[in-house]
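Asks: Sharing entry-v9.cif here; it has mmCIF, C-alpha atoms.
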```cif
data_work
loop_
_atom_site.label_atom_id
_atom_site.label_comp_id
_atom_site.auth_asym_id
_atom_site.auth_seq_id
_atom_site.Cartn_x
_atom_site.Cartn_y
_atom_site.Cartn_z
CA MET A 1 -28.86 70.93 -51.34
CA GLU A 2 -31.74 70.81 -48.90
CA CYS A 3 -34.69 68.40 -49.27
CA GLU A 4 -37.71 68.09 -47.05
CA ARG A 5 -37.62 64.87 -45.03
CA LEU A 6 -40.89 63.00 -44.66
CA PRO A 7 -41.73 59.90 -42.58
CA PRO A 8 -40.41 56.45 -43.56
CA ILE A 9 -42.51 54.79 -46.26
CA TYR A 10 -40.72 51.52 -46.96
CA SER A 11 -41.78 48.33 -45.24
CA GLY A 12 -43.57 45.07 -45.74
CA TYR A 13 -41.35 42.34 -47.07
CA ALA A 14 -38.23 42.73 -44.92
CA PRO A 15 -37.28 42.84 -41.22
CA ASN A 16 -38.19 46.01 -39.39
CA SER A 17 -34.74 47.56 -39.71
CA ILE A 18 -35.14 48.05 -43.47
CA ARG A 19 -36.79 51.41 -44.01
CA GLY A 20 -36.68 54.22 -46.53
CA GLU A 21 -37.61 57.86 -46.38
CA LYS A 22 -39.21 60.16 -48.89
CA LEU A 23 -37.59 63.38 -49.96
CA THR A 24 -39.16 66.23 -51.90
CA CYS A 25 -37.02 68.64 -53.90
CA ASN A 26 -37.64 71.64 -56.13
CA THR A 27 -36.83 71.89 -59.84
CA HIS A 28 -33.40 73.48 -59.32
CA GLN A 29 -32.42 70.72 -56.93
CA LYS A 30 -33.58 68.09 -59.44
CA LYS A 31 -31.28 69.60 -62.05
CA ASP A 32 -28.36 69.40 -59.61
CA ALA A 33 -29.34 65.81 -58.84
CA TYR A 34 -29.31 64.67 -62.45
CA ILE A 35 -26.02 66.45 -63.15
CA ALA A 36 -24.52 64.70 -60.12
CA LEU A 37 -25.91 61.35 -61.28
CA THR A 38 -24.52 61.75 -64.80
CA ILE A 39 -21.03 62.88 -63.79
CA ALA A 40 -20.72 60.31 -61.00
CA THR A 41 -21.74 57.50 -63.38
CA VAL A 42 -19.26 58.56 -66.08
CA ALA A 43 -16.53 58.96 -63.46
CA MET A 44 -17.21 55.45 -62.18
CA ALA A 45 -17.05 54.06 -65.72
CA ILE A 46 -13.61 55.59 -66.27
CA SER A 47 -12.46 54.45 -62.83
CA PHE A 48 -13.65 50.91 -63.54
CA MET A 49 -11.69 50.95 -66.81
CA VAL A 50 -8.64 51.67 -64.67
CA TRP A 51 -9.63 48.97 -62.19
CA ALA A 52 -9.91 46.31 -64.93
CA SER A 53 -7.07 47.55 -67.13
CA LEU A 54 -4.70 44.63 -66.57
CA SER A 55 -7.19 41.91 -67.45
CA PRO A 56 -7.43 42.46 -71.24
CA VAL A 57 -3.63 42.29 -71.62
CA SER A 58 -3.02 39.59 -68.99
CA ASN A 59 -2.04 36.94 -71.55
CA GLN A 60 0.53 39.29 -73.10
CA ILE A 61 1.91 40.16 -69.64
CA ALA A 62 2.04 36.46 -68.70
CA ALA A 63 4.02 35.69 -71.85
CA GLU A 64 6.48 38.56 -71.31
CA PHE A 65 7.08 37.79 -67.62
CA GLY A 66 6.83 34.00 -67.92
CA LEU A 67 3.92 33.70 -65.49
CA SER A 68 2.16 30.50 -64.48
CA ALA A 69 -1.64 30.19 -64.60
CA SER A 70 -1.92 30.92 -60.87
CA GLN A 71 0.45 33.93 -61.10
CA LYS A 72 -1.59 35.37 -63.95
CA SER A 73 -4.80 34.83 -61.96
CA LEU A 74 -3.25 36.59 -58.95
CA LEU A 75 -2.29 39.56 -61.11
CA ILE A 76 -5.85 39.84 -62.45
CA ALA A 77 -7.35 39.53 -58.97
CA THR A 78 -4.97 41.86 -57.09
CA PRO A 79 -6.63 45.20 -58.00
CA VAL A 80 -9.93 43.75 -56.82
CA LEU A 81 -8.52 43.18 -53.31
CA LEU A 82 -7.77 46.80 -52.36
CA GLY A 83 -10.75 48.03 -54.36
CA SER A 84 -12.96 45.82 -52.20
CA ILE A 85 -11.53 46.32 -48.73
CA MET A 86 -11.19 50.09 -49.08
CA ARG A 87 -14.84 50.52 -50.07
CA ILE A 88 -15.74 50.42 -46.38
CA PRO A 89 -13.63 53.42 -45.23
CA MET A 90 -14.24 55.30 -48.48
CA GLY A 91 -18.00 54.96 -48.08
CA ILE A 92 -17.75 56.23 -44.50
CA LEU A 93 -15.52 59.14 -45.56
CA SER A 94 -18.01 60.03 -48.28
CA ASP A 95 -20.85 60.18 -45.75
CA ARG A 96 -18.76 62.34 -43.44
CA TYR A 97 -16.89 64.75 -45.74
CA GLY A 98 -18.87 64.64 -48.98
CA GLY A 99 -18.82 62.32 -51.96
CA LYS A 100 -17.58 64.93 -54.43
CA LYS A 101 -14.42 65.64 -52.44
CA ILE A 102 -13.63 61.99 -51.77
CA TYR A 103 -14.39 61.02 -55.38
CA ILE A 104 -11.95 63.60 -56.77
CA ILE A 105 -9.18 62.72 -54.30
CA THR A 106 -9.53 59.03 -55.07
CA MET A 107 -9.36 59.49 -58.83
CA LEU A 108 -6.30 61.73 -58.51
CA PHE A 109 -4.61 59.04 -56.41
CA THR A 110 -5.04 56.48 -59.19
CA LEU A 111 -2.81 58.62 -61.42
CA ILE A 112 0.20 57.44 -59.39
CA PRO A 113 0.06 53.69 -60.17
CA LEU A 114 -1.10 54.44 -63.73
CA ALA A 115 2.05 56.53 -64.27
CA LEU A 116 4.28 53.79 -62.83
CA ILE A 117 2.98 50.74 -64.72
CA PRO A 118 4.75 51.52 -68.04
CA PHE A 119 8.07 51.30 -66.16
CA ALA A 120 7.37 47.89 -64.58
CA SER A 121 10.28 45.53 -65.14
CA THR A 122 9.54 42.78 -62.62
CA TYR A 123 6.47 40.80 -61.59
CA LEU A 124 6.70 42.18 -58.02
CA TYR A 125 6.78 45.78 -59.29
CA LEU A 126 3.75 45.09 -61.49
CA MET A 127 1.88 43.46 -58.59
CA LEU A 128 2.51 46.53 -56.43
CA CYS A 129 1.09 48.81 -59.13
CA ALA A 130 -1.85 46.45 -59.59
CA PHE A 131 -2.57 46.60 -55.86
CA PHE A 132 -2.83 50.41 -55.80
CA ILE A 133 -4.85 50.51 -59.02
CA GLY A 134 -7.46 48.84 -56.82
CA MET A 135 -8.35 52.22 -55.34
CA ALA A 136 -10.25 52.92 -58.57
CA GLY A 137 -12.71 50.21 -57.56
CA THR A 138 -13.65 52.08 -54.38
CA THR A 139 -15.44 54.71 -56.46
CA PHE A 140 -18.48 52.43 -56.45
CA ALA A 141 -19.09 52.99 -52.72
CA ILE A 142 -18.41 56.71 -53.07
CA ALA A 143 -20.79 57.06 -56.03
CA ILE A 144 -23.68 55.26 -54.31
CA SER A 145 -23.24 57.31 -51.13
CA TYR A 146 -23.04 60.53 -53.18
CA VAL A 147 -25.90 59.92 -55.64
CA SER A 148 -28.36 58.40 -53.13
CA THR A 149 -28.61 61.69 -51.19
CA PHE A 150 -30.12 63.51 -54.18
CA PHE A 151 -33.14 61.27 -54.77
CA PRO A 152 -36.21 60.06 -52.83
CA ALA A 153 -36.58 56.49 -51.60
CA GLU A 154 -39.18 55.45 -54.16
CA LYS A 155 -36.69 56.16 -56.96
CA GLN A 156 -33.64 54.59 -55.33
CA GLY A 157 -33.88 51.32 -57.29
CA LEU A 158 -33.82 53.04 -60.67
CA ILE A 159 -31.35 55.79 -59.73
CA LEU A 160 -28.82 53.52 -58.02
CA GLY A 161 -29.21 51.11 -60.91
CA ILE A 162 -28.23 53.91 -63.27
CA ALA A 163 -25.33 54.96 -61.04
CA GLY A 164 -24.23 51.34 -60.88
CA MET A 165 -24.01 51.35 -64.67
CA GLY A 166 -20.58 52.84 -64.11
CA ASN A 167 -19.67 49.14 -64.04
CA ILE A 168 -19.70 49.50 -67.83
CA GLY A 169 -16.07 50.47 -67.36
CA ASN A 170 -15.30 46.73 -67.22
CA ALA A 171 -16.87 46.33 -70.66
CA LEU A 172 -15.11 49.40 -72.05
CA SER A 173 -11.83 48.05 -70.72
CA GLY A 174 -12.24 44.80 -72.64
CA LEU A 175 -13.38 46.68 -75.73
CA ILE A 176 -10.92 49.58 -75.88
CA ILE A 177 -7.71 48.48 -74.16
CA PRO A 178 -6.76 45.67 -76.60
CA ARG A 179 -7.17 48.14 -79.48
CA ILE A 180 -5.01 50.80 -77.81
CA ASN A 181 -2.42 48.11 -77.14
CA ALA A 182 -2.52 46.88 -80.75
CA ASN A 183 -2.31 50.35 -82.32
CA TRP A 184 -0.16 52.40 -79.94
CA GLY A 185 1.48 49.93 -77.59
CA PHE A 186 1.22 48.87 -73.95
CA ASP A 187 2.41 52.14 -72.40
CA TRP A 188 -0.32 54.18 -74.10
CA ILE A 189 -3.00 52.13 -72.36
CA TYR A 190 -2.03 53.85 -69.13
CA TYR A 191 -1.24 57.27 -70.60
CA SER A 192 -4.74 57.28 -72.15
CA LEU A 193 -6.35 56.35 -68.85
CA MET A 194 -4.45 59.14 -67.10
CA ILE A 195 -5.77 61.67 -69.61
CA ALA A 196 -9.34 60.39 -69.11
CA ILE A 197 -9.01 60.67 -65.32
CA VAL A 198 -7.73 64.26 -65.49
CA VAL A 199 -10.60 65.29 -67.80
CA ILE A 200 -13.37 63.77 -65.67
CA VAL A 201 -11.86 65.20 -62.46
CA ALA A 202 -11.97 68.68 -64.01
CA ILE A 203 -15.60 68.20 -65.10
CA PHE A 204 -16.53 66.87 -61.64
CA ALA A 205 -14.85 69.79 -59.88
CA ILE A 206 -16.51 72.44 -62.06
CA PHE A 207 -20.05 71.17 -62.64
CA ALA A 208 -21.08 68.77 -59.85
CA LYS A 209 -22.59 69.95 -56.57
CA GLU A 210 -21.49 68.50 -53.25
CA MET A 211 -23.97 66.23 -51.52
CA ASN A 212 -25.97 67.51 -48.56
CA LEU A 213 -24.11 66.49 -45.41
CA SER A 214 -25.76 65.77 -42.11
CA THR A 215 -25.28 68.52 -39.54
CA GLU A 216 -24.61 65.82 -36.96
CA LYS A 217 -21.20 64.33 -37.67
CA LYS A 218 -21.18 60.61 -36.98
CA THR A 219 -18.33 59.08 -35.06
CA LEU A 220 -16.53 56.06 -36.48
CA LYS A 221 -18.43 53.90 -33.99
CA GLN A 222 -21.76 55.26 -35.22
CA SER A 223 -20.79 54.71 -38.85
CA LEU A 224 -19.75 51.14 -38.09
CA SER A 225 -23.00 50.47 -36.24
CA VAL A 226 -24.34 49.02 -39.49
CA VAL A 227 -22.38 45.84 -38.73
CA LYS A 228 -24.89 45.11 -35.96
CA ASP A 229 -27.72 44.95 -38.48
CA LYS A 230 -28.08 41.43 -39.84
CA ASN A 231 -29.42 42.85 -43.09
CA THR A 232 -25.97 44.31 -43.82
CA TRP A 233 -24.50 40.81 -43.71
CA TYR A 234 -27.30 39.18 -45.66
CA LEU A 235 -27.04 41.75 -48.45
CA SER A 236 -23.25 41.35 -48.37
CA LEU A 237 -23.64 37.60 -48.88
CA PHE A 238 -26.00 38.10 -51.82
CA TYR A 239 -23.79 40.76 -53.41
CA PHE A 240 -20.74 38.54 -52.92
CA LEU A 241 -22.46 36.21 -55.39
CA THR A 242 -23.98 38.61 -57.95
CA PHE A 243 -21.35 41.36 -58.16
CA GLY A 244 -18.58 38.88 -57.46
CA ALA A 245 -19.65 36.82 -60.46
CA PHE A 246 -19.82 39.99 -62.57
CA VAL A 247 -16.30 41.14 -61.62
CA ALA A 248 -14.71 37.68 -61.67
CA LEU A 249 -16.12 36.65 -65.03
CA SER A 250 -15.69 39.98 -66.82
CA ASN A 251 -12.07 40.17 -65.59
CA TYR A 252 -11.18 36.52 -66.15
CA LEU A 253 -13.00 35.87 -69.44
CA PRO A 254 -10.21 37.28 -71.67
CA ALA A 255 -7.71 34.84 -70.16
CA PHE A 256 -10.31 32.05 -70.05
CA MET A 257 -11.34 32.41 -73.71
CA GLY A 258 -7.70 32.42 -74.77
CA ASP A 259 -6.90 29.28 -72.77
CA GLN A 260 -10.12 27.37 -73.45
CA PHE A 261 -10.95 28.29 -77.05
CA SER A 262 -7.64 29.78 -78.34
CA ILE A 263 -9.29 33.12 -79.09
CA GLY A 264 -7.07 36.16 -79.74
CA ALA A 265 -6.79 39.07 -77.33
CA VAL A 266 -9.02 41.48 -79.30
CA ASN A 267 -11.84 38.98 -79.80
CA ALA A 268 -11.55 37.73 -76.21
CA GLY A 269 -11.79 41.36 -75.09
CA LEU A 270 -14.93 41.77 -77.19
CA PHE A 271 -16.47 38.71 -75.57
CA SER A 272 -15.62 40.01 -72.08
CA ALA A 273 -16.96 43.45 -73.00
CA GLY A 274 -20.22 41.89 -74.18
CA PHE A 275 -20.60 40.03 -70.90
CA ALA A 276 -19.87 43.14 -68.81
CA ALA A 277 -22.14 45.36 -70.92
CA THR A 278 -25.02 42.90 -70.70
CA ALA A 279 -24.77 42.69 -66.91
CA THR A 280 -24.34 46.44 -66.58
CA PHE A 281 -27.38 47.40 -68.65
CA MET A 282 -29.52 44.90 -66.76
CA ARG A 283 -28.65 46.57 -63.46
CA PRO A 284 -31.15 49.47 -63.70
CA VAL A 285 -33.75 46.99 -64.98
CA GLY A 286 -33.26 45.07 -61.74
CA GLY A 287 -33.64 48.32 -59.81
CA ILE A 288 -36.88 49.19 -61.61
CA LEU A 289 -38.29 45.71 -60.94
CA ALA A 290 -37.33 46.03 -57.26
CA ASP A 291 -39.10 49.42 -57.09
CA LYS A 292 -42.32 47.74 -58.21
CA LEU A 293 -42.10 44.13 -56.97
CA ASN A 294 -40.90 42.25 -53.90
CA PRO A 295 -37.09 42.22 -54.31
CA THR A 296 -36.55 39.19 -52.07
CA LYS A 297 -38.80 37.05 -54.27
CA LEU A 298 -36.93 38.35 -57.31
CA LEU A 299 -33.64 37.36 -55.68
CA THR A 300 -34.94 33.85 -54.99
CA THR A 301 -35.69 33.34 -58.67
CA GLY A 302 -32.37 34.87 -59.69
CA PHE A 303 -30.30 32.66 -57.38
CA ALA A 304 -32.08 29.55 -58.65
CA MET A 305 -31.31 30.54 -62.26
CA ILE A 306 -27.63 31.25 -61.46
CA ALA A 307 -27.31 27.79 -59.89
CA VAL A 308 -28.83 26.07 -62.92
CA ALA A 309 -26.69 28.07 -65.37
CA ALA A 310 -23.48 27.38 -63.40
CA PHE A 311 -24.07 23.63 -63.31
CA LEU A 312 -24.82 23.57 -67.03
CA ILE A 313 -21.70 25.63 -67.81
CA ALA A 314 -19.56 23.25 -65.77
CA PHE A 315 -20.37 20.41 -68.14
CA SER A 316 -20.30 22.34 -71.41
CA LEU A 317 -16.88 24.00 -71.25
CA THR A 318 -15.77 22.47 -74.55
CA GLN A 319 -18.92 23.49 -76.42
CA TYR A 320 -18.38 27.07 -77.58
CA GLY A 321 -22.00 27.75 -78.62
CA ILE A 322 -23.56 26.34 -75.45
CA PHE A 323 -20.97 28.03 -73.24
CA THR A 324 -21.53 31.41 -74.92
CA THR A 325 -25.29 31.18 -74.54
CA LEU A 326 -25.12 30.19 -70.88
CA ILE A 327 -22.52 32.79 -69.95
CA PHE A 328 -24.67 35.59 -71.39
CA ILE A 329 -27.73 34.24 -69.54
CA THR A 330 -25.59 34.43 -66.40
CA ALA A 331 -24.71 38.05 -67.26
CA LEU A 332 -28.42 38.91 -67.49
CA ILE A 333 -29.19 37.33 -64.12
CA VAL A 334 -26.27 38.77 -62.13
CA GLY A 335 -26.94 42.21 -63.63
CA LEU A 336 -30.56 42.08 -62.46
CA GLY A 337 -29.41 40.83 -59.06
CA ASN A 338 -26.99 43.72 -58.61
CA GLY A 339 -29.76 46.24 -59.22
CA ILE A 340 -32.22 44.44 -56.94
CA ILE A 341 -29.78 44.23 -54.04
CA PHE A 342 -28.81 47.89 -54.22
CA LYS A 343 -32.43 48.93 -54.14
CA MET A 344 -32.37 47.50 -50.62
CA VAL A 345 -28.98 48.89 -49.51
CA PRO A 346 -29.95 52.54 -48.73
CA MET A 347 -32.80 51.24 -46.57
CA VAL A 348 -30.69 49.24 -44.15
CA SER A 349 -29.54 52.26 -42.15
CA LYS A 350 -30.72 55.86 -42.62
CA GLY A 351 -27.85 58.34 -42.95
CA ASN A 352 -25.25 55.56 -43.17
CA THR A 353 -25.69 54.72 -46.84
CA GLY A 354 -21.96 55.09 -47.49
CA ALA A 355 -21.09 52.72 -44.66
CA VAL A 356 -23.61 50.09 -45.74
CA THR A 357 -22.57 50.51 -49.37
CA GLY A 358 -18.95 50.10 -48.28
CA PHE A 359 -19.62 46.81 -46.52
CA VAL A 360 -21.89 45.37 -49.20
CA GLY A 361 -19.67 46.66 -52.01
CA ALA A 362 -16.59 45.22 -50.29
CA ALA A 363 -18.27 41.84 -50.12
CA GLY A 364 -19.11 42.04 -53.82
CA GLY A 365 -15.56 43.04 -54.67
CA LEU A 366 -14.13 40.17 -52.64
CA GLY A 367 -16.54 37.94 -54.52
CA GLY A 368 -14.65 39.04 -57.61
CA PHE A 369 -11.22 38.54 -55.99
CA PHE A 370 -11.33 34.89 -54.99
CA PRO A 371 -12.88 33.16 -58.04
CA PRO A 372 -10.08 34.07 -60.50
CA LEU A 373 -7.52 32.75 -58.00
CA LEU A 374 -9.59 29.61 -57.48
CA LEU A 375 -10.09 29.10 -61.20
CA GLY A 376 -6.36 29.44 -61.82
CA ILE A 377 -5.55 26.91 -59.08
CA ILE A 378 -8.25 24.49 -60.26
CA LYS A 379 -7.10 24.75 -63.87
CA GLN A 380 -3.46 24.26 -62.90
CA ASN A 381 -4.17 21.19 -60.74
CA THR A 382 -7.03 19.49 -62.60
CA GLY A 383 -6.55 20.69 -66.17
CA SER A 384 -10.18 21.88 -66.29
CA TYR A 385 -12.40 24.71 -65.00
CA THR A 386 -15.33 22.36 -64.28
CA LEU A 387 -15.02 22.32 -60.50
CA GLY A 388 -14.96 26.13 -60.37
CA PHE A 389 -18.38 26.46 -61.98
CA ILE A 390 -19.80 23.66 -59.83
CA LEU A 391 -18.73 25.64 -56.75
CA LEU A 392 -20.45 28.73 -58.19
CA GLY A 393 -23.68 26.74 -58.49
CA VAL A 394 -23.40 25.44 -54.93
CA PHE A 395 -22.87 28.96 -53.59
CA ALA A 396 -25.92 30.20 -55.51
CA LEU A 397 -27.99 27.48 -53.81
CA ILE A 398 -26.69 28.63 -50.41
CA CYS A 399 -27.83 32.20 -51.18
CA LEU A 400 -31.19 30.87 -52.36
CA VAL A 401 -31.79 29.02 -49.10
CA THR A 402 -30.64 32.06 -47.09
CA VAL A 403 -32.94 34.59 -48.77
CA TRP A 404 -35.87 32.20 -48.42
CA ALA A 405 -35.16 31.46 -44.75
CA VAL A 406 -34.55 35.08 -43.73
CA TYR A 407 -37.10 37.01 -45.76
CA LEU A 408 -39.72 34.71 -47.21
CA ARG A 409 -40.64 32.18 -44.54
CA LYS A 410 -43.91 33.03 -42.82
CA PRO A 411 -42.36 34.03 -39.42
CA ALA A 412 -40.00 36.53 -41.12
CA ALA A 413 -42.70 37.91 -43.41
CA THR A 414 -45.00 38.67 -40.51
CA SER A 415 -42.35 40.03 -38.14
#
```
Please express what this file holds, its structure, as structure tokens.
Replies:
Amino acid sequence: MECERLPPIYSGYAPNSIRGEKLTCNTHQKKDAYIALTIATVAMAISFMVWASLSPVSNQIAAEFGLSASQKSLLIATPVLLGSIMRIPMGILSDRYGGKKIYIITMLFTLIPLALIPFASTYLYLMLCAFFIGMAGTTFAIAISYVSTFFPAEKQGLILGIAGMGNIGNALSGLIIPRINANWGFDWIYYSLMIAIVVIVAIFAIFAKEMNLSTEKKTLKQSLSVVKDKNTWYLSLFYFLTFGAFVALSNYLPAFMGDQFSIGAVNAGLFSAGFAATATFMRPVGGILADKLNPTKLLTTGFAMIAVAAFLIAFSLTQYGIFTTLIFITALIVGLGNGIIFKMVPMVSKGNTGAVTGFVGAAGGLGGFFPPLLLGIIKQNTGSYTLGFILLGVFALICLVTVWAVYLRKPAATS
């Protein structure tokens, strides 16, 4: 697909290295673009169901294997680790060889651990499968790299917000997996996911167009040049908070609701699904707002609200009604934040969207890896989750100060 490249049009509120470019495409190319967007988003949703598939049945697994709170937390967090770290190389590979190819290969790879999980007989075996399931989480970086090439800069906030709605897979996991488990048994969770992967791979292969690749192949050094841009690290810090909170809470809530309020697996899965769905559907709203308003000012407000909500949650963990209200307010805010941040990502480095997405997405994924571990350790040693939410509030304040100091102080605004 070829689009006419016009001069950069994006500037004003951020340091000089953040720029966008306008693309113009004909009607046929627009059709290809929207097909690519739709299939990539659905593929990410299915992949994210795979990525989060252990969380809804973690209490059952813990009971069967006799796991401690920290062991259960490690099992929930393990897929997030590989899914985070590997976003960097997968984003770079997508830029270099094409998102469609890399997407399909990655989804086919996930069939291997999915096929092995039903035969797990030890905790170590299950952990190994959980680790490789993490590759499903790398589809986020691939999807953003792939989809972003089809649309002009002024639509990136909305379009990448829609693509990011593939995160709905976390919600679908909490909603569907407990029911499959209750009706057909544990093994059919993974057989069903394998069938879904095969179907979406076939649809992707037949109907989606490959992204337009640059004629100049970047070396690994050129792709990694984005690490020299401070904006890559600032956006990574912010995404560590917003997407990390989304992943950590949506993955850990089933176990948390069971431990804290003695809620059954199906209802806990519904609660987790509601949280994930709320955050997911707010993502394109954040992108739309960032298309029209100053995203750094929006982030400042969002970080302040996350801090307040986290501190209030910390001291209302025994109050079901208050906790529920606050956790869904948090879902709204982190969902908006995810969309706002990824409006800015394609503008950090032209032609290296996959690399930047990989770094920022990896940071967000790692933000989802550590909190469940920390919550498990805190719960095991203190008997309460209070300190965990206090730390979330403190980190939100750090992000608030950072975005103000870097982007909103008068010297930065006039640079």
Asks: For the PyMOL selection byres ((chain A and resi 397) around 12), applied here, can you spell out every residue it catches as a ChimeraX atom specification?
Replies: /A:238,241,299-311,390-396,398-404
Asks: Which one is closest to A:Phe109: A:Ile176, A:Leu75, A:Ala171, A:Ala136? Count all atoms listed in the file.
Replies: A:Ala136
Asks: Tell me which of A:Phe389, A:Phe150, A:Phe246, A:Tyr407 sits closest to A:Phe315, counting all atoms listed in the file.
Replies: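 Among the listed residues, A:Phe389 lies closest to A:Phe315.
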Asks: Is there a way to get, as a PyMOL selection string, all residues within 12 Å of the point (-10.8, 22.7, -66.8) in file coordinates, counting all atoms listed in the file?
Replies: chain A and resi 256-257+259-261+313-318+374-390
Asks: In Å, with one decimal, what is the gap from atom CA of A:Gly335 to atom CA of A:Phe281?
Replies: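 Those two atoms sit 7.2 Å apart.
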Asks: Tell me which residues the PyMOL selection byres ((chain A and resi 118) around 8) grabs here, as number ranges by chain.
Replies: A: 114-117, 119-120, 186-187, 190
Asks: Pick from A:Ser192, A:Asn338, A:Asn294, A:Asn231: nearest to A:Ile46, with all atoms listed in the file counted?
Replies: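 Smallest distance to A:Ile46 is found for A:Ser192.
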Asks: Using all atoms listed in the file, give me every residue within 12 Å of (-19.7, 58.5, -56.1) in file coordinates, as a ChimeraX atom specification.
Replies: /A:36-45,47,87,90-95,98-107,136-150,160,163-166,204,208-211,353-354,357-358
Asks: How far is it from atom CA of A:Leu111 to atom CA of A:Met194, in Å with one decimal?
Replies: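 Distance between the two atoms: 5.9 Å.
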Asks: Given the file shown, enumerate the residues that the PyMOL selection byres ((chain A and resi 255) around 9) captures and present them as JSON, numbers by chain.
Replies: {"A": [55, 56, 57, 58, 59, 72, 73, 251, 252, 253, 254, 256, 257, 258, 259, 260, 265, 268]}
Asks: Can you write out the residues you just picked, keeping C-alpha atoms, as a PDB file, in the coordinates of the input?
Replies:
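In the end it all went to selection18.pdb:
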```pdb
ATOM      1  CA  SER A  55      -7.190  41.910 -67.450  1.00  0.00           C
ATOM      2  CA  PRO A  56      -7.430  42.460 -71.240  1.00  0.00           C
ATOM      3  CA  VAL A  57      -3.630  42.290 -71.620  1.00  0.00           C
ATOM      4  CA  SER A  58      -3.020  39.590 -68.990  1.00  0.00           C
ATOM      5  CA  ASN A  59      -2.040  36.940 -71.550  1.00  0.00           C
ATOM      6  CA  LYS A  72      -1.590  35.370 -63.950  1.00  0.00           C
ATOM      7  CA  SER A  73      -4.800  34.830 -61.960  1.00  0.00           C
ATOM      8  CA  ASN A 251     -12.070  40.170 -65.590  1.00  0.00           C
ATOM      9  CA  TYR A 252     -11.180  36.520 -66.150  1.00  0.00           C
ATOM     10  CA  LEU A 253     -13.000  35.870 -69.440  1.00  0.00           C
ATOM     11  CA  PRO A 254     -10.210  37.280 -71.670  1.00  0.00           C
ATOM     12  CA  PHE A 256     -10.310  32.050 -70.050  1.00  0.00           C
ATOM     13  CA  MET A 257     -11.340  32.410 -73.710  1.00  0.00           C
ATOM     14  CA  GLY A 258      -7.700  32.420 -74.770  1.00  0.00           C
ATOM     15  CA  ASP A 259      -6.900  29.280 -72.770  1.00  0.00           C
ATOM     16  CA  GLN A 260     -10.120  27.370 -73.450  1.00  0.00           C
ATOM     17  CA  ALA A 265      -6.790  39.070 -77.330  1.00  0.00           C
ATOM     18  CA  ALA A 268     -11.550  37.730 -76.210  1.00  0.00           C
TER      19      ALA A 268
END
```
Asks: What does the structure give for the distance between atom CA of A:Phe271 and atom CA of A:Thr324, in Å to one decimal?
Replies: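 Those two atoms sit 8.9 Å apart.
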Asks: Calculated over only C-alpha atoms, which of the candidates A:Leu373, A:Tyr97, A:Pro152, A:Leu74 has the smallest distance to A:Lys30?
Replies: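 Once distances to A:Lys30 are computed over only C-alpha atoms, the minimum belongs to A:Pro152.
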Asks: Using only C-alpha atoms, which of A:Pro372, A:Gly367, A:Pro79, A:Gly66 sits nearest A:Leu237?
Replies: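 When distances to A:Leu237 are compared using only C-alpha atoms, the smallest one comes from A:Gly367.
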Asks: Check the smallest atom-to-atom distance from each of A:Leu158, A:Val334, A:Ile203, A:Met127 to A:Pro284 using all atoms listed in the file, then report the winner.
Replies: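 So, comparing all the options, the nearest one is A:Leu158.
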